[in-house]
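S.K.: I'm passing along target-v3.cif; it holds mmCIF, C-alpha atoms.
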```
data_data
#
loop_
_atom_site.label_atom_id
_atom_site.label_comp_id
_atom_site.auth_asym_id
_atom_site.auth_seq_id
_atom_site.Cartn_x
_atom_site.Cartn_y
_atom_site.Cartn_z
CA MET A 269 231.43 -85.06 39.60
CA GLU A 270 235.00 -84.08 40.50
CA GLU A 271 236.45 -80.58 40.38
CA PHE A 272 239.48 -81.75 38.42
CA GLU A 273 240.52 -84.74 36.36
CA LEU A 274 243.60 -86.73 37.25
CA HIS A 275 246.14 -87.01 34.42
CA ALA A 276 247.47 -90.35 33.23
CA GLY A 277 249.71 -91.81 35.91
CA GLU A 278 248.74 -89.12 38.43
CA ARG A 279 247.62 -90.20 41.88
CA VAL A 280 246.31 -88.33 44.90
CA THR A 281 248.84 -88.36 47.75
CA ARG A 282 246.97 -86.37 50.37
CA THR A 283 243.91 -84.20 50.89
CA VAL A 284 244.44 -81.42 53.41
CA ARG A 285 242.01 -79.24 55.32
CA LYS A 286 242.55 -76.60 57.93
CA HIS A 287 243.30 -77.73 61.48
CA TRP A 288 240.26 -78.54 63.65
CA PHE A 289 241.21 -75.72 66.01
CA VAL A 290 240.75 -73.20 63.19
CA LEU A 291 237.19 -74.50 62.77
CA LEU A 292 236.64 -74.38 66.53
CA ALA A 293 237.88 -70.79 66.69
CA SER A 294 235.47 -69.79 63.92
CA LEU A 295 232.58 -71.35 65.88
CA ILE A 296 233.34 -69.57 69.19
CA PRO A 297 231.51 -66.32 68.22
CA PHE A 298 228.37 -68.35 67.47
CA ALA A 299 228.58 -70.06 70.88
CA LEU A 300 229.00 -66.71 72.66
CA LEU A 301 226.10 -65.15 70.74
CA ALA A 302 223.97 -68.18 71.63
CA LEU A 303 224.70 -67.73 75.33
CA LEU A 304 224.13 -63.97 75.30
CA PRO A 305 220.29 -63.90 75.60
CA THR A 306 220.33 -66.39 78.48
CA LEU A 307 222.67 -64.08 80.43
CA VAL A 308 220.77 -60.84 79.79
CA GLY A 309 217.80 -61.72 82.04
CA PRO A 310 219.78 -62.65 85.18
CA PHE A 311 222.17 -59.72 84.59
CA LEU A 312 219.39 -57.12 84.33
CA THR A 313 217.52 -58.69 87.27
CA GLY A 314 220.69 -58.40 89.35
CA LEU A 315 221.05 -54.74 88.40
CA SER A 316 217.48 -53.83 89.30
CA VAL A 317 217.30 -55.21 92.85
CA SER A 318 216.13 -51.84 94.14
CA ASN A 319 213.19 -51.76 91.72
CA ALA A 320 210.88 -54.72 92.31
CA GLU A 321 208.78 -54.04 89.18
CA ALA A 322 211.80 -53.97 86.91
CA ALA A 323 213.24 -57.04 88.59
CA ALA A 324 209.97 -58.93 88.02
CA LEU A 325 209.93 -57.81 84.37
CA PHE A 326 213.51 -58.87 83.70
CA ALA A 327 212.93 -62.16 85.48
CA GLN A 328 210.54 -62.95 82.61
CA LEU A 329 213.57 -63.22 80.32
CA SER A 330 213.95 -66.93 80.91
CA GLY A 331 212.98 -70.17 79.21
CA ASP A 332 209.79 -70.28 81.31
CA ASN A 333 208.34 -67.41 79.31
CA ARG A 334 206.92 -68.71 76.03
CA TRP A 335 207.66 -65.53 74.08
CA PHE A 336 211.23 -65.45 75.29
CA ARG A 337 211.50 -69.15 74.40
CA LEU A 338 210.20 -68.35 70.90
CA PHE A 339 212.82 -65.62 70.50
CA LEU A 340 215.54 -67.86 71.92
CA GLY A 341 214.64 -70.79 69.64
CA LEU A 342 214.62 -68.61 66.52
CA TRP A 343 217.84 -66.86 67.56
CA TRP A 344 219.55 -70.21 68.07
CA LEU A 345 218.18 -71.42 64.72
CA LEU A 346 219.75 -68.43 62.94
CA LEU A 347 223.04 -69.01 64.75
CA TRP A 348 222.91 -72.70 63.88
CA ILE A 349 222.57 -71.81 60.20
CA GLY A 350 225.63 -69.55 60.54
CA ALA A 351 227.64 -72.21 62.37
CA PHE A 352 226.71 -74.91 59.86
CA ASN A 353 227.73 -72.54 57.09
CA ALA A 354 231.14 -72.09 58.77
CA PHE A 355 231.52 -75.88 58.92
CA THR A 356 230.50 -76.20 55.24
CA GLN A 357 233.13 -73.62 54.26
CA TYR A 358 235.72 -75.41 56.38
CA TYR A 359 234.97 -78.78 54.82
CA LEU A 360 234.67 -77.74 51.20
CA ASN A 361 237.88 -75.68 51.27
CA HIS A 362 240.82 -78.01 50.83
CA TRP A 363 244.06 -78.75 49.07
CA VAL A 364 244.86 -81.90 47.18
CA ILE A 365 248.47 -82.99 46.78
CA THR A 366 248.94 -85.30 43.82
CA SER A 367 252.05 -86.87 42.33
CA GLN A 368 252.16 -84.08 39.70
CA ARG A 369 250.60 -80.95 41.18
CA ILE A 370 248.96 -79.19 44.08
CA VAL A 371 245.29 -78.35 43.64
CA ARG A 372 243.68 -75.64 45.72
CA ILE A 373 239.89 -75.84 46.00
CA ARG A 374 238.41 -72.75 47.55
CA GLN A 375 234.75 -72.22 48.34
CA ARG A 376 234.40 -68.45 48.63
CA GLY A 377 230.72 -68.62 49.42
CA PHE A 378 227.84 -70.40 47.77
CA PHE A 379 228.10 -70.49 43.98
CA ALA A 380 231.63 -69.06 44.12
CA ARG A 381 234.20 -71.82 43.86
CA GLU A 382 237.77 -71.59 42.69
CA VAL A 383 239.97 -74.51 41.64
CA ALA A 384 243.65 -73.74 40.93
CA SER A 385 246.45 -76.15 39.98
CA PHE A 386 250.16 -75.66 40.59
CA HIS A 387 252.46 -78.08 38.80
CA LEU A 388 255.22 -79.47 40.98
CA ASN A 389 257.90 -78.87 38.36
CA ARG A 390 257.25 -75.12 38.67
CA VAL A 391 257.52 -74.98 42.45
CA GLN A 392 260.56 -72.97 43.43
CA ASP A 393 260.33 -72.52 47.14
CA VAL A 394 258.28 -73.95 50.01
CA THR A 395 258.31 -72.20 53.36
CA THR A 396 256.44 -72.89 56.58
CA GLU A 397 255.28 -70.52 59.28
CA VAL A 398 253.90 -71.19 62.75
CA ASN A 399 252.55 -68.11 64.51
CA GLY A 400 251.04 -67.87 67.96
CA ILE A 401 250.76 -69.92 71.11
CA PHE A 402 247.86 -72.13 69.99
CA ALA A 403 249.48 -72.78 66.61
CA ASP A 404 252.70 -73.75 68.35
CA LEU A 405 251.04 -75.96 70.97
CA LEU A 406 248.61 -77.67 68.58
CA GLY A 407 251.05 -77.87 65.67
CA TYR A 408 249.27 -75.99 62.93
CA GLY A 409 250.53 -73.25 60.65
CA SER A 410 250.98 -72.07 57.08
CA VAL A 411 252.83 -73.44 54.09
CA ARG A 412 253.76 -70.92 51.40
CA VAL A 413 254.54 -72.28 47.96
CA GLN A 414 256.26 -70.04 45.42
CA THR A 415 256.21 -70.98 41.75
CA ALA A 416 258.91 -70.06 39.22
CA GLY A 417 258.54 -68.29 35.89
CA THR A 418 257.81 -64.85 34.54
CA ASP A 419 254.30 -64.95 35.93
CA SER A 420 255.53 -66.27 39.26
CA LYS A 421 252.73 -66.94 41.69
CA HIS A 422 252.48 -68.12 45.21
CA PHE A 423 249.78 -69.65 47.26
CA VAL A 424 249.35 -70.22 50.94
CA MET A 425 247.93 -73.23 52.72
CA ASP A 426 247.02 -71.51 55.96
CA GLY A 427 246.01 -73.09 59.25
CA ILE A 428 246.90 -76.64 58.24
CA ASP A 429 248.02 -79.40 60.56
CA ASP A 430 251.75 -80.22 60.64
CA PRO A 431 253.04 -77.62 58.13
CA GLN A 432 256.62 -78.97 58.35
CA GLY A 433 255.40 -82.46 57.43
CA MET A 434 253.45 -80.95 54.53
CA ARG A 435 256.53 -79.07 53.32
CA ASP A 436 258.55 -82.31 53.44
CA LEU A 437 255.81 -84.14 51.56
CA ILE A 438 255.70 -81.48 48.83
CA MET A 439 259.52 -81.52 48.50
CA ARG A 440 259.48 -85.32 48.33
CA GLN A 441 256.77 -85.22 45.67
CA ILE A 442 258.82 -82.70 43.66
CA THR A 443 261.91 -84.95 43.83
CA ASP A 444 259.88 -88.02 42.78
CA HIS A 445 258.20 -86.06 40.00
CA LEU A 446 261.51 -84.74 38.63
CA ARG A 447 263.10 -88.19 38.87
CA ALA A 448 260.16 -89.72 36.96
CA ASN A 449 260.41 -86.96 34.33
CA ASN A 450 264.17 -87.48 33.90
CA GLN A 451 263.66 -91.22 33.45
CA THR A 452 260.98 -90.56 30.81
CA HIS A 453 263.30 -88.10 28.98
CA ALA A 454 266.18 -90.58 29.14
CA LEU A 455 263.98 -93.32 27.68
CA HIS A 456 262.83 -91.01 24.90
CA SER A 457 266.40 -90.02 24.01
CA LEU A 458 267.49 -93.67 23.57
CA MET B 285 194.43 -34.09 81.72
CA GLN B 286 197.97 -34.99 80.77
CA ASP B 287 199.25 -33.77 77.43
CA PRO B 288 199.23 -36.81 75.03
CA ALA B 289 202.56 -35.70 73.65
CA VAL B 290 204.28 -36.39 76.94
CA GLN B 291 202.52 -39.64 77.75
CA PRO B 292 205.00 -42.50 77.73
CA PHE B 293 204.92 -45.18 74.99
CA THR B 294 201.96 -43.67 73.08
CA VAL B 295 203.79 -44.59 69.92
CA LEU B 296 203.54 -48.27 70.86
CA ASP B 297 199.73 -48.19 71.02
CA PHE B 298 199.48 -49.79 67.57
CA ILE B 299 200.89 -53.00 69.03
CA ARG B 300 197.54 -53.59 70.74
CA PHE B 301 195.90 -53.92 67.33
CA ILE B 302 198.34 -56.54 66.04
CA ASP B 303 197.22 -60.14 66.14
CA VAL B 304 200.22 -61.68 67.89
CA GLY B 305 199.37 -65.16 66.63
CA LYS B 306 199.37 -63.97 63.02
CA ALA B 307 202.59 -61.96 63.51
CA VAL B 308 204.34 -65.01 64.90
CA SER B 309 203.05 -67.15 62.03
CA VAL B 310 204.35 -64.68 59.45
CA ALA B 311 207.74 -64.39 61.21
CA PHE B 312 207.98 -68.15 61.40
CA ALA B 313 207.02 -68.58 57.74
CA ILE B 314 209.71 -66.07 56.68
CA LEU B 315 212.32 -67.83 58.77
CA PHE B 316 211.24 -71.20 57.42
CA ILE B 317 211.64 -69.97 53.83
CA ILE B 318 215.14 -68.63 54.64
CA TRP B 319 216.03 -71.90 56.35
CA ALA B 320 214.63 -74.06 53.52
CA LEU B 321 216.49 -72.04 50.85
CA TYR B 322 219.72 -72.24 52.83
CA THR B 323 219.29 -75.98 53.38
CA VAL B 324 218.65 -76.68 49.70
CA ILE B 325 221.69 -74.60 48.64
CA ALA B 326 223.95 -76.11 51.32
CA GLY B 327 222.71 -79.61 50.41
CA TYR B 328 223.44 -78.95 46.75
CA HIS B 329 227.02 -77.92 47.56
CA TRP B 330 227.62 -80.81 49.92
CA LEU B 331 226.28 -83.37 47.46
CA ARG B 332 228.02 -81.86 44.45
CA TYR B 333 231.42 -81.14 45.94
CA GLY B 334 231.58 -83.31 49.05
CA HIS B 335 229.69 -86.27 47.61
CA SER B 336 232.60 -88.70 47.83
CA SER B 337 233.04 -87.92 51.52
CA ALA B 338 231.43 -89.95 54.28
CA VAL B 339 230.69 -86.66 56.07
CA ALA B 340 228.25 -85.18 53.52
CA ILE B 341 225.05 -87.10 54.30
CA PRO B 342 225.53 -87.21 58.12
CA ALA B 343 226.29 -83.46 58.11
CA LEU B 344 223.06 -82.71 56.25
CA ILE B 345 221.06 -85.02 58.52
CA VAL B 346 222.52 -83.31 61.63
CA HIS B 347 221.70 -79.90 60.15
CA VAL B 348 218.06 -80.83 59.51
CA VAL B 349 217.59 -82.60 62.88
CA VAL B 350 219.16 -79.79 64.94
CA SER B 351 217.18 -77.16 63.00
CA TRP B 352 213.90 -78.97 63.66
CA LEU B 353 214.74 -79.43 67.34
CA LEU B 354 215.44 -75.69 67.69
CA ALA B 355 212.29 -74.78 65.78
CA GLY B 356 210.35 -77.20 68.00
CA TYR B 357 211.82 -75.56 71.11
CA ALA B 358 210.87 -72.12 69.78
CA VAL B 359 207.21 -73.01 69.27
CA SER B 360 206.92 -75.34 72.28
CA GLY B 361 205.53 -72.58 74.47
CA ILE B 362 202.95 -71.50 71.91
CA ILE B 363 201.73 -74.81 70.53
CA GLY B 364 202.21 -77.09 73.52
#
```
Could I get this file's structure written as C-alpha coordinates?

M.R.:
Amino acid sequence: MEEFELHAGERVTRTVRKHWFVLLASLIPFALLALLPTLVGPFLTGLSVSNAEAAALFAQLSGDNRWFRLFLGLWWLLLWIGAFNAFTQYYLNHWVITSQRIVRIRQRGFFAREVASFHLNRVQDVTTEVNGIFADLLGYGSVRVQTAGTDSKHFVMDGIDDPQGMRDLIMRQITDHLRANNQTHALHSL
Amino acid sequence: MQDPAVQPFTVLDFIRFIDVGKAVSVAFAILFIIWALYTVIAGYHWLRYGHSSAVAIPALIVHVVVSWLLAGYAVSGIIG
(Lines of atoms letter the chains of each structure in order from A and count residues from 1; the text may use other names and numbers.)
(Lines give C-alpha, C1' and ligand atoms only; values in the text may rest on other atoms or scores of the structure.)
Protein backbone atom coordinates (compact mmCIF):
# COMPACT_ATOMS: atom_id res chain seq x y z
CA MET A 1 0.00 0.00 0.00
CA GLU A 2 1.85 3.10 -1.23
CA GLU A 3 0.99 6.69 -0.38
CA PHE A 4 1.11 7.73 -4.02
CA GLU A 5 1.02 6.09 -7.42
CA LEU A 6 3.81 6.62 -9.91
CA HIS A 7 2.66 7.99 -13.28
CA ALA A 8 3.53 6.29 -16.54
CA GLY A 9 7.25 6.72 -17.19
CA GLU A 10 7.86 8.19 -13.73
CA ARG A 11 10.64 6.74 -11.62
CA VAL A 12 11.85 7.38 -8.08
CA THR A 13 15.25 9.10 -8.07
CA ARG A 14 15.85 9.45 -4.35
CA THR A 15 14.14 9.11 -0.99
CA VAL A 16 15.35 11.63 1.57
CA ARG A 17 15.05 11.75 5.34
CA LYS A 18 16.39 14.17 7.88
CA HIS A 19 20.05 13.90 8.84
CA TRP A 20 20.88 11.36 11.57
CA PHE A 21 22.11 14.18 13.80
CA VAL A 22 18.62 15.71 13.80
CA LEU A 23 17.30 12.39 15.13
CA LEU A 24 20.11 12.22 17.68
CA ALA A 25 19.35 15.75 18.88
CA SER A 26 15.69 14.86 19.34
CA LEU A 27 16.70 11.85 21.47
CA ILE A 28 19.04 13.78 23.81
CA PRO A 29 16.21 15.03 26.11
CA PHE A 30 15.07 11.41 26.61
CA ALA A 31 18.62 10.35 27.53
CA LEU A 32 18.96 13.21 30.03
CA LEU A 33 15.56 12.45 31.59
CA ALA A 34 16.58 8.78 31.85
CA LEU A 35 19.75 9.70 33.74
CA LEU A 36 18.02 12.17 36.06
CA PRO A 37 16.63 9.73 38.69
CA THR A 38 19.99 7.95 39.00
CA LEU A 39 21.67 11.28 39.85
CA VAL A 40 19.08 12.48 42.38
CA GLY A 41 20.02 9.93 45.08
CA PRO A 42 23.79 10.61 45.14
CA PHE A 43 23.16 14.36 44.82
CA LEU A 44 20.78 14.51 47.80
CA THR A 45 23.02 12.18 49.83
CA GLY A 46 25.94 14.53 49.17
CA LEU A 47 23.88 17.51 50.32
CA SER A 48 22.78 15.90 53.56
CA VAL A 49 26.15 14.83 54.98
CA SER A 50 25.40 16.65 58.23
CA ASN A 51 22.16 14.72 58.74
CA ALA A 52 22.83 10.99 58.98
CA GLU A 53 19.12 10.05 58.89
CA ALA A 54 18.49 12.01 55.71
CA ALA A 55 21.67 10.68 54.15
CA ALA A 56 20.57 7.09 54.90
CA LEU A 57 17.13 7.81 53.43
CA PHE A 58 18.48 9.34 50.23
CA ALA A 59 20.99 6.51 49.89
CA GLN A 60 17.95 4.28 49.35
CA LEU A 61 17.43 5.99 45.98
CA SER A 62 19.52 3.45 44.13
CA GLY A 63 18.99 0.31 42.08
CA ASP A 64 19.43 -1.80 45.24
CA ASN A 65 16.06 -0.62 46.52
CA ARG A 66 13.28 -2.63 44.86
CA TRP A 67 10.74 0.21 44.94
CA PHE A 68 13.20 2.63 43.42
CA ARG A 69 14.03 -0.01 40.81
CA LEU A 70 10.30 -0.35 40.05
CA PHE A 71 9.99 3.41 39.60
CA LEU A 72 13.18 3.53 37.51
CA GLY A 73 12.07 0.67 35.24
CA LEU A 74 8.65 2.22 34.61
CA TRP A 75 10.17 5.67 34.09
CA TRP A 76 12.61 4.26 31.54
CA LEU A 77 9.76 2.36 29.86
CA LEU A 78 7.78 5.60 29.42
CA LEU A 79 10.87 7.37 28.08
CA TRP A 80 11.55 4.46 25.73
CA ILE A 81 8.03 4.81 24.31
CA GLY A 82 8.71 8.53 23.75
CA ALA A 83 12.09 7.88 22.13
CA PHE A 84 10.69 5.15 19.87
CA ASN A 85 7.93 7.54 18.89
CA ALA A 86 10.55 10.15 17.93
CA PHE A 87 12.31 7.53 15.79
CA THR A 88 9.00 6.53 14.16
CA GLN A 89 8.28 10.17 13.30
CA TYR A 90 11.80 10.57 11.94
CA TYR A 91 11.52 7.48 9.75
CA LEU A 92 8.01 7.97 8.42
CA ASN A 93 8.61 11.63 7.51
CA HIS A 94 10.39 11.78 4.18
CA TRP A 95 10.58 13.29 0.74
CA VAL A 96 10.60 11.37 -2.50
CA ILE A 97 12.21 12.89 -5.58
CA THR A 98 10.87 11.37 -8.78
CA SER A 99 11.56 12.17 -12.42
CA GLN A 100 8.36 14.28 -12.52
CA ARG A 101 7.70 15.67 -9.05
CA ILE A 102 8.71 16.02 -5.44
CA VAL A 103 6.48 14.24 -2.93
CA ARG A 104 6.47 15.29 0.69
CA ILE A 105 5.19 12.68 3.14
CA ARG A 106 4.64 14.09 6.59
CA GLN A 107 3.55 12.13 9.63
CA ARG A 108 2.17 14.76 11.99
CA GLY A 109 1.35 12.25 14.68
CA PHE A 110 -0.51 8.97 14.62
CA PHE A 111 -3.48 8.97 12.24
CA ALA A 112 -2.45 12.36 10.85
CA ARG A 113 -0.51 11.94 7.63
CA GLU A 114 -0.07 14.42 4.83
CA VAL A 115 1.13 13.62 1.30
CA ALA A 116 1.78 16.58 -1.03
CA SER A 117 3.11 16.56 -4.59
CA PHE A 118 4.97 19.38 -6.34
CA HIS A 119 5.41 18.99 -10.08
CA LEU A 120 8.89 19.80 -11.31
CA ASN A 121 7.62 21.94 -14.19
CA ARG A 122 6.15 24.36 -11.63
CA VAL A 123 9.31 24.74 -9.57
CA GLN A 124 10.59 28.28 -9.88
CA ASP A 125 13.37 28.57 -7.38
CA VAL A 126 15.42 26.23 -5.20
CA THR A 127 17.50 27.67 -2.38
CA THR A 128 19.63 26.01 0.28
CA GLU A 129 20.44 27.12 3.79
CA VAL A 130 22.97 25.80 6.29
CA ASN A 131 22.66 27.30 9.76
CA GLY A 132 24.76 26.59 12.81
CA ILE A 133 28.03 24.95 13.72
CA PHE A 134 26.76 21.34 13.75
CA ALA A 135 24.91 21.82 10.46
CA ASP A 136 28.07 23.24 8.90
CA LEU A 137 30.38 20.55 10.29
CA LEU A 138 28.08 17.61 9.57
CA GLY A 139 26.78 18.97 6.26
CA TYR A 140 23.06 19.16 6.80
CA GLY A 141 20.64 21.99 6.14
CA SER A 142 17.44 23.08 4.44
CA VAL A 143 16.30 23.16 0.84
CA ARG A 144 13.50 25.60 0.04
CA VAL A 145 11.53 24.99 -3.13
CA GLN A 146 9.29 27.74 -4.49
CA THR A 147 6.62 26.90 -7.04
CA ALA A 148 5.31 29.29 -9.71
CA GLY A 149 1.73 30.29 -10.45
CA THR A 150 -1.02 32.38 -8.96
CA ASP A 151 -1.31 30.06 -6.00
CA SER A 152 2.46 29.95 -5.57
CA LYS A 153 3.54 27.68 -2.76
CA HIS A 154 6.79 26.72 -1.21
CA PHE A 155 7.94 23.85 0.86
CA VAL A 156 11.00 23.24 2.93
CA MET A 157 13.05 20.09 3.27
CA ASP A 158 14.65 20.88 6.60
CA GLY A 159 17.55 19.12 8.29
CA ILE A 160 18.47 16.98 5.29
CA ASP A 161 21.92 15.69 4.45
CA ASP A 162 23.87 17.51 1.71
CA PRO A 163 21.33 20.25 0.83
CA GLN A 164 23.53 21.57 -2.01
CA GLY A 165 23.63 18.10 -3.60
CA MET A 166 19.85 17.90 -3.24
CA ARG A 167 19.40 21.30 -4.88
CA ASP A 168 21.61 20.18 -7.79
CA LEU A 169 19.65 16.94 -8.09
CA ILE A 170 16.31 18.81 -8.19
CA MET A 171 17.65 21.26 -10.81
CA ARG A 172 18.99 18.36 -12.88
CA GLN A 173 15.63 16.59 -12.62
CA ILE A 174 13.85 19.78 -13.75
CA THR A 175 16.16 20.10 -16.78
CA ASP A 176 15.65 16.42 -17.71
CA HIS A 177 11.90 16.73 -17.21
CA LEU A 178 11.64 19.86 -19.39
CA ARG A 179 13.85 18.29 -22.07
CA ALA A 180 11.66 15.16 -22.10
CA ASN A 181 8.52 17.34 -22.31
CA ASN A 182 9.94 19.39 -25.21
CA GLN A 183 10.82 16.22 -27.10
CA THR A 184 7.28 14.89 -26.57
CA HIS A 185 5.79 18.22 -27.78
CA ALA A 186 8.09 18.22 -30.82
CA LEU A 187 7.04 14.67 -31.69
CA HIS A 188 3.38 15.59 -31.35
CA SER A 189 3.75 18.66 -33.59
CA LEU A 190 5.27 16.59 -36.45
CA MET B 1 -0.78 15.58 74.15
CA GLN B 2 0.27 17.18 70.90
CA ASP B 3 -2.41 18.85 68.82
CA PRO B 4 -3.20 16.47 65.87
CA ALA B 5 -3.37 19.45 63.56
CA VAL B 6 0.31 20.14 63.99
CA GLN B 7 1.50 16.55 63.86
CA PRO B 8 3.64 16.00 60.79
CA PHE B 9 2.41 13.85 57.87
CA THR B 10 -0.98 13.00 59.44
CA VAL B 11 -2.45 13.41 55.99
CA LEU B 12 -0.35 10.49 54.76
CA ASP B 13 -1.84 8.07 57.30
CA PHE B 14 -4.16 6.60 54.65
CA ILE B 15 -1.11 5.14 52.91
CA ARG B 16 -0.88 2.54 55.69
CA PHE B 17 -4.24 1.13 54.61
CA ILE B 18 -3.25 0.71 50.96
CA ASP B 19 -2.24 -2.75 49.84
CA VAL B 20 1.06 -1.91 48.13
CA GLY B 21 1.02 -5.13 46.12
CA LYS B 22 -2.40 -4.33 44.68
CA ALA B 23 -1.44 -0.69 43.99
CA VAL B 24 1.63 -1.82 42.07
CA SER B 25 -0.44 -4.36 40.13
CA VAL B 26 -2.97 -1.71 39.13
CA ALA B 27 -0.22 0.77 38.14
CA PHE B 28 1.50 -1.92 36.13
CA ALA B 29 -1.74 -2.97 34.42
CA ILE B 30 -2.47 0.66 33.43
CA LEU B 31 1.03 1.09 32.05
CA PHE B 32 0.79 -2.20 30.20
CA ILE B 33 -2.48 -1.11 28.54
CA ILE B 34 -0.88 2.21 27.49
CA TRP B 35 2.18 0.36 26.19
CA ALA B 36 0.11 -2.26 24.33
CA LEU B 37 -2.09 0.41 22.70
CA TYR B 38 0.96 2.42 21.68
CA THR B 39 2.70 -0.67 20.30
CA VAL B 40 -0.32 -1.72 18.24
CA ILE B 41 -0.73 1.81 16.80
CA ALA B 42 3.00 2.21 16.11
CA GLY B 43 3.10 -1.27 14.54
CA TYR B 44 0.15 -0.40 12.34
CA HIS B 45 1.90 2.74 11.08
CA TRP B 46 5.22 1.01 10.53
CA LEU B 47 3.64 -1.87 8.63
CA ARG B 48 1.31 0.33 6.60
CA TYR B 49 3.68 3.14 5.68
CA GLY B 50 7.14 1.68 6.22
CA HIS B 51 6.32 -1.83 5.04
CA SER B 52 8.66 -1.77 2.05
CA SER B 53 11.57 -0.79 4.29
CA ALA B 54 13.95 -3.30 5.82
CA VAL B 55 13.83 -1.24 9.03
CA ALA B 56 10.14 -1.79 9.90
CA ILE B 57 10.20 -5.31 11.35
CA PRO B 58 13.57 -4.97 13.17
CA ALA B 59 12.42 -1.64 14.66
CA LEU B 60 9.25 -3.23 16.03
CA ILE B 61 11.18 -6.22 17.38
CA VAL B 62 13.67 -3.89 19.13
CA HIS B 63 10.78 -1.88 20.59
CA VAL B 64 9.10 -4.98 22.03
CA VAL B 65 12.36 -6.53 23.33
CA VAL B 66 13.61 -3.32 24.98
CA SER B 67 10.17 -2.68 26.50
CA TRP B 68 10.05 -6.18 28.01
CA LEU B 69 13.60 -5.87 29.34
CA LEU B 70 12.72 -2.58 31.05
CA ALA B 71 9.48 -4.00 32.43
CA GLY B 72 11.43 -7.04 33.65
CA TYR B 73 13.96 -4.75 35.36
CA ALA B 74 11.13 -2.80 37.00
CA VAL B 75 9.53 -5.88 38.56
CA SER B 76 12.79 -7.75 39.24
CA GLY B 77 12.93 -6.50 42.82
CA ILE B 78 9.33 -7.45 43.55
CA ILE B 79 8.97 -10.78 41.80
CA GLY B 80 12.52 -12.12 42.01

S.K.: Could you pull the residues within 12 Å of Gly400 of chain A, counting all atoms listed in the file, minus those fewer than 5 positions along the same chain, as number ranges by chain?

M.R.: A: 405-410, 427

S.K.: Taking all atoms listed in the file into account, which residues of chain B are within 10 Å of chain A, as an NGL selection string?

M.R.: :B and (308 or 311-312 or 315 or 318-319 or 322-323 or 325-337 or 339-340 or 343-344 or 346-347 or 350-364)

S.K.: Determine the residue set returned by the PyMOL selection byres ((chain A and resi 287-300) around 6) for the present structure, and present it as a list of chain:residue names.

M.R.: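 For this structure, the PyMOL selection byres ((chain A and resi 287-300) around 6) resolves to A:Lys286, A:Leu301, A:Ala302, A:Leu303, A:Gly427, A:Ile428, A:Asp429.
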
S.K.: Between atom CA of Arg412 of chain A and atom CA of Arg435 of chain A, what is the distance, to one decimal in Å?

M.R.: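 Interatomic distance, atom CA of Arg412 of chain A to atom CA of Arg435 of chain A: 8.8 Å.
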
S.K.: Rounded to one decimal in Å, what is the spacing between atom CA of Val394 of chain A and atom CA of Thr281 of chain A?

M.R.: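 Atom CA of Thr281 of chain A lies 17.4 Å from atom CA of Val394 of chain A.
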
S.K.: In Å, with one decimal, what is the gap from atom CA of Asn449 of chain A to atom CA of Ala384 of chain A?

M.R.: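 Between atom CA of Asn449 of chain A and atom CA of Ala384 of chain A the gap is 22.3 Å.
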
S.K.: Run the PyMOL selection byres ((chain A and resi 389) around 12) against the file shown and list the residues it catches, as number ranges by chain.

M.R.: A: 367-370, 385-388, 390-393, 414-417, 438-450

S.K.: Counting only C-alpha atoms, which residue out of A:Val383, A:Leu312, A:Ile365, A:Phe326 sits closest to Leu437 of chain A?

M.R.: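 Counting only C-alpha atoms, the residue closest to Leu437 of chain A is A:Ile365.
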
S.K.: Just say which residues the PyMOL selection byres ((chain A and resi 425) around 6) picks in this file, as a list in words.

M.R.: Ser410, Val411, Val424 and Asp426 of chain A

S.K.: Draw an axis-aligned box tight on the listed atoms of segment 304-321 of chain B, then pad every side by 3 Å and write out centre and edge lengths in Å to one decimal as JSON.

M.R.:
```
{"center_x": 207.9, "center_y": -67.9, "center_z": 59.4, "size_x": 23.1, "size_y": 18.4, "size_z": 23.0}
```

S.K.: For Arg282 of chain A, find every residue with an atom within 9 Å (counting all atoms listed in the file), except residues of its own chain fewer than 4 positions away, and show them as a ChimeraX atom specification.

M.R.: /A:363-366
